[in-house]
Amino acid sequence: MTVDEVRIRARERFKGICRVCKFCDGVACAGEVPGMGGVGTGTSFKNNIKALEKYRVNLRVIHDITEPVIRTQIFGKELSMPILGAAVAGGKINFRGYFTEEEFVSSQIEGAVSAGTIAMTGDGGDPTLFTTGLESLKNAGCSGIPVIKPRKTRDIIKRIKDAEKFDITAIGIDIDAAGLINMTRMGQYVGPMTVSDLKEITSSTKLPVVLKGIMTVEDALAAVEAGIAGIVVSNHGGRALDFTPGTAEVLPEIADAVKGKITILADGGVRYGIDVLKMIALGADAVLIGRPVAIAAVGGGARGVEMVYNKMADELRSAMILTGCRDVNSIDRKILRCHFVALSDE
């Protein structure tokens with residue numbers, strides 16, 4: 001089985017839900033939510049791609065680096081690469097029930113573990129989604145990061161207590177799902193949260209708490225104030241609010257404000273190892289990948305997912321050699337050309 005074969009099978013199995021385009025840029029699937037597209041005009045999804053494309057990388061090859069180290073630690077967990085699986089769930093809604101949630105989530109988790117990294121699991125309008133993710137982690141005998149929607153504080157704490165019974169690395173809150181209409185239509189509350197809410201949550205558990213959906217310096221600083229262990233700079237893959245900036249556009253200013261105070265993860269438009277390199281250069285400690293993993297899970301199960309991780313890892317190593325980066329910690333903005341130029345279209 002090859003990556004190309006996985007993509008061909010995924011295109012057949014998706015039955016039009018995802019076209020598995022040669023380059024996944026949000027154009028063909030704009031507005032297809034539920035589905036794999038971006039909300040509304042799809043501009044936020046497309047902006048993720050455009051923001052990364054704006055950055056150029058300096059080729060530097062007069063050095064002695066032949067075997068760059070891509071291993072890293074996130075929340076005390078040793079990972080083979082600075083690439084984790086984003087929480088992609090809700091197959092019954094987004095994929096019209098063509099795939100069982102167990103099949104889909106297990107493939108994501110097992111593929112990540114085989115590649116030496118970890119995956120996040122999700123939550124949704126169907127309350128069983130969260131427990132399905134936990135059970136899949138247990139069945140795989142591995143760690144991971146379960147992610148909870150921004151429910152009432154007491155409901156989040158209850159789910160954290162359920163998650164603490166499992167061997168997990170951290171717990172996440174998908175705060176960028178605060179306006180998710182599908183959740184409210186299914187009778188599941190979601191909404192914004194205050195610093196006070198977040199402090200109550202972080203004080204209720206010894207697990208690191210990760211807040212996903214940070215797109216401004218103000219929210220990043222509020223997360224630090226609340227005792228959050230990590231943030232994900234993310235616009236929910238362009239599926240929450242139309243016309244947001246791309247994540248690579250806001251990542252540098254957020255990193256400048258909170259780097260070293262909190263773990264910084266980022267997602268949005270990461271398709272190749274060079275994208276991972278750019279995100280880390282812009283201030284991320286590691287990145288999350290969502291759609292590439294979802295496509296691989298549908299087309300090739302756990303093996304397909306593992307292949308995607310390994311392909312990105314190989315691309316990252318090559319890019320590090322060609323930019324003179326010895327390890328993940330040595331990747332910085334010096335490898336980017338004109339990173340200070342405004343990201344407006346010319």
# chains A, B, ... in the order shown; residues from 1 in each chain; ligands from 1
call {"tool": "select_by_dssp", "arguments": {"residues": "stretch 110-323 of chain A", "states": "strand (DSSP E or B)", "output": "PyMOL selection string"}}
result
chain A and resi 119-121+145-148+171-174+209-214+230-233+259+262-266+286-289
call {"tool": "residues_around", "arguments": {"residues": "A:Ile280", "least_positions_apart": "3", "cutoff": "9 Å", "atoms": "only C-alpha atoms", "output": "ChimeraX atom specification"}}
result
/A:82,265-266,275-277,283-287,328-329,331-333
call {"tool": "closest_residue", "arguments": {"among": "A:Ala294, A:Ile74, A:Ile181, A:Ile62", "to": "A:Thr263", "atoms": "only C-alpha atoms"}}
result
A:Ile74
call {"tool": "residues_around", "arguments": {"residues": "stretch 26-41 of chain A", "least_positions_apart": "4", "cutoff": "8 Å", "atoms": "only C-alpha atoms", "output": "NGL selection string"}}
result
:A and (17-19 or 45-46 or 93-95 or 237-242 or 291)
call {"tool": "select_by_dssp", "arguments": {"residues": "stretch 242-283 of chain A", "states": "alpha helix (DSSP H)", "output": "list in words"}}
result
Thr247, Ala248, Glu249, Val250, Leu251, Pro252, Glu253, Ile254, Ala255, Asp256, Ala257, Val258, Gly273, Ile274, Asp275, Val276, Leu277, Lys278, Met279, Ile280 and Ala281 of chain A
call {"tool": "closest_atom_pairs", "arguments": {"of": "stretch 122-197 of chain A", "to": "stretch 201-206 of chain A", "cutoff": "12 Å", "atoms": "only C-alpha atoms", "output": "JSON lines"}}
result
{"residue": "A:Ile148", "atom": "CA", "partner": "A:Ile201", "partner_atom": "CA", "distance": 11.9}
{"residue": "A:Pro150", "atom": "CA", "partner": "A:Ile201", "partner_atom": "CA", "distance": 11.4}
{"residue": "A:Arg151", "atom": "CA", "partner": "A:Ile201", "partner_atom": "CA", "distance": 11.6}
{"residue": "A:Lys152", "atom": "CA", "partner": "A:Ile201", "partner_atom": "CA", "distance": 10.6}
{"residue": "A:Thr153", "atom": "CA", "partner": "A:Ile201", "partner_atom": "CA", "distance": 7.0}
{"residue": "A:Arg154", "atom": "CA", "partner": "A:Ile201", "partner_atom": "CA", "distance": 8.6}
{"residue": "A:Asp155", "atom": "CA", "partner": "A:Ile201", "partner_atom": "CA", "distance": 10.3}
{"residue": "A:Ile156", "atom": "CA", "partner": "A:Ile201", "partner_atom": "CA", "distance": 7.7}
{"residue": "A:Ile157", "atom": "CA", "partner": "A:Ile201", "partner_atom": "CA", "distance": 6.3}
{"residue": "A:Lys158", "atom": "CA", "partner": "A:Ser204", "partner_atom": "CA", "distance": 9.9}
{"residue": "A:Arg159", "atom": "CA", "partner": "A:Ile201", "partner_atom": "CA", "distance": 10.9}
{"residue": "A:Ile160", "atom": "CA", "partner": "A:Thr205", "partner_atom": "CA", "distance": 7.6}
{"residue": "A:Lys161", "atom": "CA", "partner": "A:Thr205", "partner_atom": "CA", "distance": 7.9}
{"residue": "A:Asp162", "atom": "CA", "partner": "A:Thr205", "partner_atom": "CA", "distance": 11.3}
{"residue": "A:Ala163", "atom": "CA", "partner": "A:Thr205", "partner_atom": "CA", "distance": 10.4}
{"residue": "A:Glu164", "atom": "CA", "partner": "A:Thr205", "partner_atom": "CA", "distance": 8.4}
{"residue": "A:Lys165", "atom": "CA", "partner": "A:Thr205", "partner_atom": "CA", "distance": 11.9}
{"residue": "A:Ile168", "atom": "CA", "partner": "A:Lys206", "partner_atom": "CA", "distance": 11.5}
{"residue": "A:Thr169", "atom": "CA", "partner": "A:Lys206", "partner_atom": "CA", "distance": 10.8}
{"residue": "A:Ala170", "atom": "CA", "partner": "A:Lys206", "partner_atom": "CA", "distance": 9.2}
{"residue": "A:Ile171", "atom": "CA", "partner": "A:Thr205", "partner_atom": "CA", "distance": 9.4}
{"residue": "A:Gly172", "atom": "CA", "partner": "A:Thr202", "partner_atom": "CA", "distance": 10.8}
{"residue": "A:Ile173", "atom": "CA", "partner": "A:Ile201", "partner_atom": "CA", "distance": 10.1}
{"residue": "A:Met193", "atom": "CA", "partner": "A:Ile201", "partner_atom": "CA", "distance": 10.7}
{"residue": "A:Thr194", "atom": "CA", "partner": "A:Ile201", "partner_atom": "CA", "distance": 10.8}
{"residue": "A:Val195", "atom": "CA", "partner": "A:Ile201", "partner_atom": "CA", "distance": 9.8}
{"residue": "A:Ser196", "atom": "CA", "partner": "A:Ile201", "partner_atom": "CA", "distance": 8.7}
{"residue": "A:Asp197", "atom": "CA", "partner": "A:Ile201", "partner_atom": "CA", "distance": 6.4}
call {"tool": "closest_atom_pairs", "arguments": {"of": "stretch 77-117 of chain A", "to": "stretch 296-319 of chain A", "cutoff": "6 Å", "atoms": "only C-alpha atoms", "output": "JSON lines"}}
result
{"residue": "A:Ser107", "atom": "CA", "partner": "A:Ala302", "partner_atom": "CA", "distance": 4.1}
{"residue": "A:Glu110", "atom": "CA", "partner": "A:Ala302", "partner_atom": "CA", "distance": 5.5}
{"residue": "A:Gly111", "atom": "CA", "partner": "A:Ala302", "partner_atom": "CA", "distance": 4.2}
{"residue": "A:Ala112", "atom": "CA", "partner": "A:Glu306", "partner_atom": "CA", "distance": 5.9}
{"residue": "A:Ala115", "atom": "CA", "partner": "A:Glu306", "partner_atom": "CA", "distance": 5.4}
call {"tool": "write_last_selection", "arguments": {"atoms": "C-alpha atoms", "output": "PDB file, in the first residue's frame"}}
result
ATOM      1  CA  SER A 107      -7.314   4.120  13.088  1.00  0.00           C
ATOM      2  CA  GLU A 110      -3.194   3.305  16.382  1.00  0.00           C
ATOM      3  CA  GLY A 111      -1.558   4.976  13.390  1.00  0.00           C
ATOM      4  CA  ALA A 112      -0.153   7.738  15.593  1.00  0.00           C
ATOM      5  CA  ALA A 115       4.607   6.305  14.215  1.00  0.00           C
TER       6      ALA A 115
END
call {"tool": "residues_around", "arguments": {"residues": "A:Leu79", "least_positions_apart": "4", "cutoff": "9 Å", "atoms": "only C-alpha atoms", "output": "list in words"}}
result
Ile70, Arg71, Thr72, Gln73, Ile74, Ile83, Leu84, Gly116, Thr117 and Ile118 of chain A
call {"tool": "write_last_selection", "arguments": {"atoms": "C-alpha atoms", "output": "compact mmCIF listing (two decimals), in the first residue's frame"}}
result
# COMPACT_ATOMS: atom_id res chain seq x y z
CA ILE A 70 13.16 15.55 15.32
CA ARG A 71 12.30 13.93 18.64
CA THR A 72 10.60 16.20 21.14
CA GLN A 73 8.75 16.24 24.45
CA ILE A 74 5.23 17.56 24.89
CA ILE A 83 3.56 16.22 14.93
CA LEU A 84 0.39 15.10 16.74
CA GLY A 116 5.79 7.14 17.74
CA THR A 117 3.46 10.04 18.47
CA ILE A 118 0.00 10.60 19.98
call {"tool": "closest_residue", "arguments": {"among": "A:Val61, A:Ala248, A:Ile254, A:Val232", "to": "A:Ile49", "atoms": "only C-alpha atoms"}}
result
A:Ala248
call {"tool": "residues_around", "arguments": {"residues": "A:Asp176", "least_positions_apart": "3", "cutoff": "10 Å", "atoms": "only C-alpha atoms", "output": "PyMOL selection string"}}
result
chain A and resi 149-150+173+179-180+190-192+211-215+234-236+239-241
call {"tool": "write_last_selection", "arguments": {"atoms": "all heavy atoms", "output": "short mmCIF file (atom, residue, chain, number, x, y, z; two decimals), in the first residue's frame"}}
result
data_model
loop_
_atom_site.label_atom_id
_atom_site.label_comp_id
_atom_site.auth_asym_id
_atom_site.auth_seq_id
_atom_site.Cartn_x
_atom_site.Cartn_y
_atom_site.Cartn_z
N LYS A 149 -15.59 19.61 24.37
CA LYS A 149 -16.17 20.85 23.87
C LYS A 149 -16.38 21.83 25.03
O LYS A 149 -16.44 21.42 26.20
CB LYS A 149 -17.52 20.56 23.19
CG LYS A 149 -17.42 19.71 21.92
CD LYS A 149 -16.60 20.39 20.85
CE LYS A 149 -16.58 19.54 19.56
NZ LYS A 149 -15.55 20.01 18.62
N PRO A 150 -16.53 23.12 24.76
CA PRO A 150 -16.68 24.12 25.83
C PRO A 150 -18.07 24.08 26.46
O PRO A 150 -18.90 24.97 26.27
CB PRO A 150 -16.40 25.45 25.11
CG PRO A 150 -16.83 25.20 23.71
CD PRO A 150 -16.47 23.77 23.43
N ILE A 173 -9.58 21.33 25.84
CA ILE A 173 -10.89 21.97 25.70
C ILE A 173 -10.91 22.67 24.35
O ILE A 173 -10.07 23.52 24.08
CB ILE A 173 -11.16 22.98 26.83
CG1 ILE A 173 -11.09 22.30 28.20
CG2 ILE A 173 -12.54 23.62 26.65
CD1 ILE A 173 -11.16 23.28 29.37
N GLY A 179 -19.40 28.46 19.40
CA GLY A 179 -20.59 28.83 18.64
C GLY A 179 -21.10 27.71 17.75
O GLY A 179 -21.78 27.98 16.76
N LEU A 180 -20.78 26.47 18.10
CA LEU A 180 -21.12 25.32 17.26
C LEU A 180 -22.62 25.05 17.29
O LEU A 180 -23.16 24.53 18.27
CB LEU A 180 -20.34 24.09 17.73
CG LEU A 180 -20.22 22.93 16.76
CD1 LEU A 180 -19.51 23.33 15.48
CD2 LEU A 180 -19.47 21.77 17.43
N VAL A 190 -22.83 24.58 24.41
CA VAL A 190 -21.45 25.06 24.25
C VAL A 190 -21.47 26.59 24.30
O VAL A 190 -22.47 27.21 23.93
CB VAL A 190 -20.80 24.61 22.92
CG1 VAL A 190 -20.49 23.12 22.93
CG2 VAL A 190 -21.68 24.96 21.72
N GLY A 191 -20.38 27.17 24.76
CA GLY A 191 -20.32 28.62 24.83
C GLY A 191 -18.95 29.10 25.25
O GLY A 191 -18.07 28.29 25.59
N PRO A 192 -18.73 30.41 25.23
CA PRO A 192 -17.43 30.96 25.66
C PRO A 192 -17.21 30.73 27.14
O PRO A 192 -18.14 30.41 27.89
CB PRO A 192 -17.56 32.46 25.34
CG PRO A 192 -19.03 32.71 25.32
CD PRO A 192 -19.69 31.45 24.83
N LEU A 211 -5.82 24.35 25.86
CA LEU A 211 -6.93 25.15 25.34
C LEU A 211 -6.74 25.32 23.83
O LEU A 211 -5.80 25.96 23.39
CB LEU A 211 -6.95 26.51 26.05
CG LEU A 211 -8.27 27.26 26.12
CD1 LEU A 211 -9.34 26.42 26.79
CD2 LEU A 211 -8.08 28.57 26.89
N LYS A 212 -7.66 24.75 23.06
CA LYS A 212 -7.55 24.80 21.61
C LYS A 212 -8.49 25.87 21.04
O LYS A 212 -9.66 25.91 21.38
CB LYS A 212 -7.91 23.44 21.00
CG LYS A 212 -7.90 23.41 19.49
CD LYS A 212 -8.30 22.04 18.97
CE LYS A 212 -8.61 22.10 17.49
NZ LYS A 212 -9.84 22.86 17.20
N GLY A 213 -7.93 26.72 20.17
CA GLY A 213 -8.75 27.74 19.55
C GLY A 213 -8.32 29.14 19.92
O GLY A 213 -9.13 30.07 19.99
N ILE A 214 -7.02 29.31 20.15
CA ILE A 214 -6.48 30.62 20.52
C ILE A 214 -5.98 31.32 19.26
O ILE A 214 -5.12 30.80 18.56
CB ILE A 214 -5.34 30.47 21.55
CG1 ILE A 214 -5.85 29.75 22.81
CG2 ILE A 214 -4.75 31.83 21.89
CD1 ILE A 214 -6.99 30.44 23.52
N MET A 215 -6.51 32.52 19.00
CA MET A 215 -6.15 33.25 17.78
C MET A 215 -5.74 34.70 18.05
O MET A 215 -5.49 35.46 17.11
CB MET A 215 -7.31 33.22 16.78
CG MET A 215 -7.54 31.86 16.12
SD MET A 215 -6.25 31.39 14.95
CE MET A 215 -6.59 32.51 13.58
N SER A 234 -5.31 28.01 16.65
CA SER A 234 -6.18 27.29 15.72
C SER A 234 -7.46 28.07 15.47
O SER A 234 -8.00 28.71 16.38
CB SER A 234 -6.54 25.92 16.31
OG SER A 234 -7.53 25.26 15.55
N ASN A 235 -7.93 28.04 14.23
CA ASN A 235 -9.25 28.58 13.92
C ASN A 235 -10.23 27.44 13.62
O ASN A 235 -11.15 27.60 12.83
CB ASN A 235 -9.19 29.60 12.78
CG ASN A 235 -8.70 29.00 11.47
OD1 ASN A 235 -8.58 27.77 11.33
ND2 ASN A 235 -8.42 29.84 10.48
N HIS A 236 -9.97 26.29 14.24
CA HIS A 236 -10.83 25.11 14.10
C HIS A 236 -10.84 24.60 12.65
O HIS A 236 -11.85 24.14 12.14
CB HIS A 236 -12.26 25.43 14.56
CG HIS A 236 -13.01 24.24 15.09
ND1 HIS A 236 -12.89 23.82 16.39
CD2 HIS A 236 -13.88 23.39 14.50
CE1 HIS A 236 -13.66 22.77 16.58
NE2 HIS A 236 -14.27 22.47 15.45
N ARG A 239 -13.49 26.00 10.40
CA ARG A 239 -14.84 25.46 10.51
C ARG A 239 -15.67 26.13 11.60
O ARG A 239 -16.79 25.72 11.87
CB ARG A 239 -14.76 23.95 10.78
CG ARG A 239 -14.14 23.18 9.62
CD ARG A 239 -13.82 21.74 10.01
NE ARG A 239 -14.99 20.99 10.40
CZ ARG A 239 -15.86 20.45 9.55
NH1 ARG A 239 -15.70 20.62 8.24
NH2 ARG A 239 -16.88 19.76 9.98
N ALA A 240 -15.11 27.15 12.26
CA ALA A 240 -15.84 27.81 13.35
C ALA A 240 -16.38 29.17 12.94
O ALA A 240 -17.58 29.43 13.04
CB ALA A 240 -14.92 27.95 14.56
N LEU A 241 -15.51 30.04 12.46
CA LEU A 241 -15.87 31.42 12.12
C LEU A 241 -15.29 31.78 10.77
O LEU A 241 -14.09 31.58 10.54
CB LEU A 241 -15.34 32.38 13.20
CG LEU A 241 -15.57 33.87 12.99
CD1 LEU A 241 -17.06 34.21 13.02
CD2 LEU A 241 -14.80 34.68 14.04
#
call {"tool": "atom_distance", "arguments": {"atom1": "atom CA of A:Ala255", "atom2": "atom CA of A:Gly76"}}
result
20.3 Å
call {"tool": "residues_around", "arguments": {"residues": "A:Gly133", "least_positions_apart": "5", "cutoff": "12 Å", "atoms": "only C-alpha atoms", "output": "PyMOL selection string"}}
result
chain A and resi 87-90+101-110+119-124+127-128+138-140+142-148+159+162-163+166+168
call {"tool": "write_last_selection", "arguments": {"atoms": "C-alpha atoms", "output": "JSON list (two decimals), in the first residue's frame"}}
result
[["chain", "number", "residue", "atom", "x", "y", "z"],
["A", 87, "ALA", "CA", -9.16, 15.69, 17.33],
["A", 88, "VAL", "CA", -11.30, 14.67, 14.36],
["A", 89, "ALA", "CA", -14.59, 13.06, 15.39],
["A", 90, "GLY", "CA", -18.28, 12.99, 14.54],
["A", 101, "GLU", "CA", -16.79, 6.19, 15.07],
["A", 102, "GLU", "CA", -14.83, 3.30, 16.58],
["A", 103, "GLU", "CA", -13.25, 2.40, 13.23],
["A", 104, "PHE", "CA", -12.36, 6.00, 12.46],
["A", 105, "VAL", "CA", -10.96, 6.99, 15.88],
["A", 106, "SER", "CA", -9.08, 3.72, 16.42],
["A", 107, "SER", "CA", -7.31, 4.12, 13.09],
["A", 108, "GLN", "CA", -6.17, 7.62, 14.05],
["A", 109, "ILE", "CA", -4.91, 6.52, 17.46],
["A", 110, "GLU", "CA", -3.19, 3.30, 16.38],
["A", 119, "ALA", "CA", -3.44, 11.68, 18.85],
["A", 120, "MET", "CA", -6.21, 13.78, 20.30],
["A", 121, "THR", "CA", -9.73, 12.39, 20.54],
["A", 122, "GLY", "CA", -12.92, 14.40, 20.23],
["A", 123, "ASP", "CA", -16.31, 15.29, 21.62],
["A", 124, "GLY", "CA", -19.57, 16.38, 20.04],
["A", 127, "PRO", "CA", -22.26, 12.37, 24.12],
["A", 128, "THR", "CA", -20.88, 8.93, 23.24],
["A", 138, "LYS", "CA", -7.68, 2.16, 26.34],
["A", 139, "ASN", "CA", -8.04, -0.55, 23.69],
["A", 140, "ALA", "CA", -4.89, 0.64, 21.95],
["A", 142, "CYS", "CA", -1.69, 4.05, 24.72],
["A", 143, "SER", "CA", -1.76, 7.65, 25.82],
["A", 144, "GLY", "CA", -3.40, 10.60, 24.11],
["A", 145, "ILE", "CA", -5.20, 13.89, 24.68],
["A", 146, "PRO", "CA", -9.00, 13.72, 24.91],
["A", 147, "VAL", "CA", -10.59, 17.02, 23.92],
["A", 148, "ILE", "CA", -13.85, 18.29, 25.45],
["A", 159, "ARG", "CA", -15.59, 14.49, 31.82],
["A", 162, "ASP", "CA", -13.84, 10.23, 33.66],
["A", 163, "ALA", "CA", -10.68, 10.77, 31.59],
["A", 166, "PHE", "CA", -7.26, 6.36, 31.74],
["A", 168, "ILE", "CA", -3.65, 10.08, 29.16]]
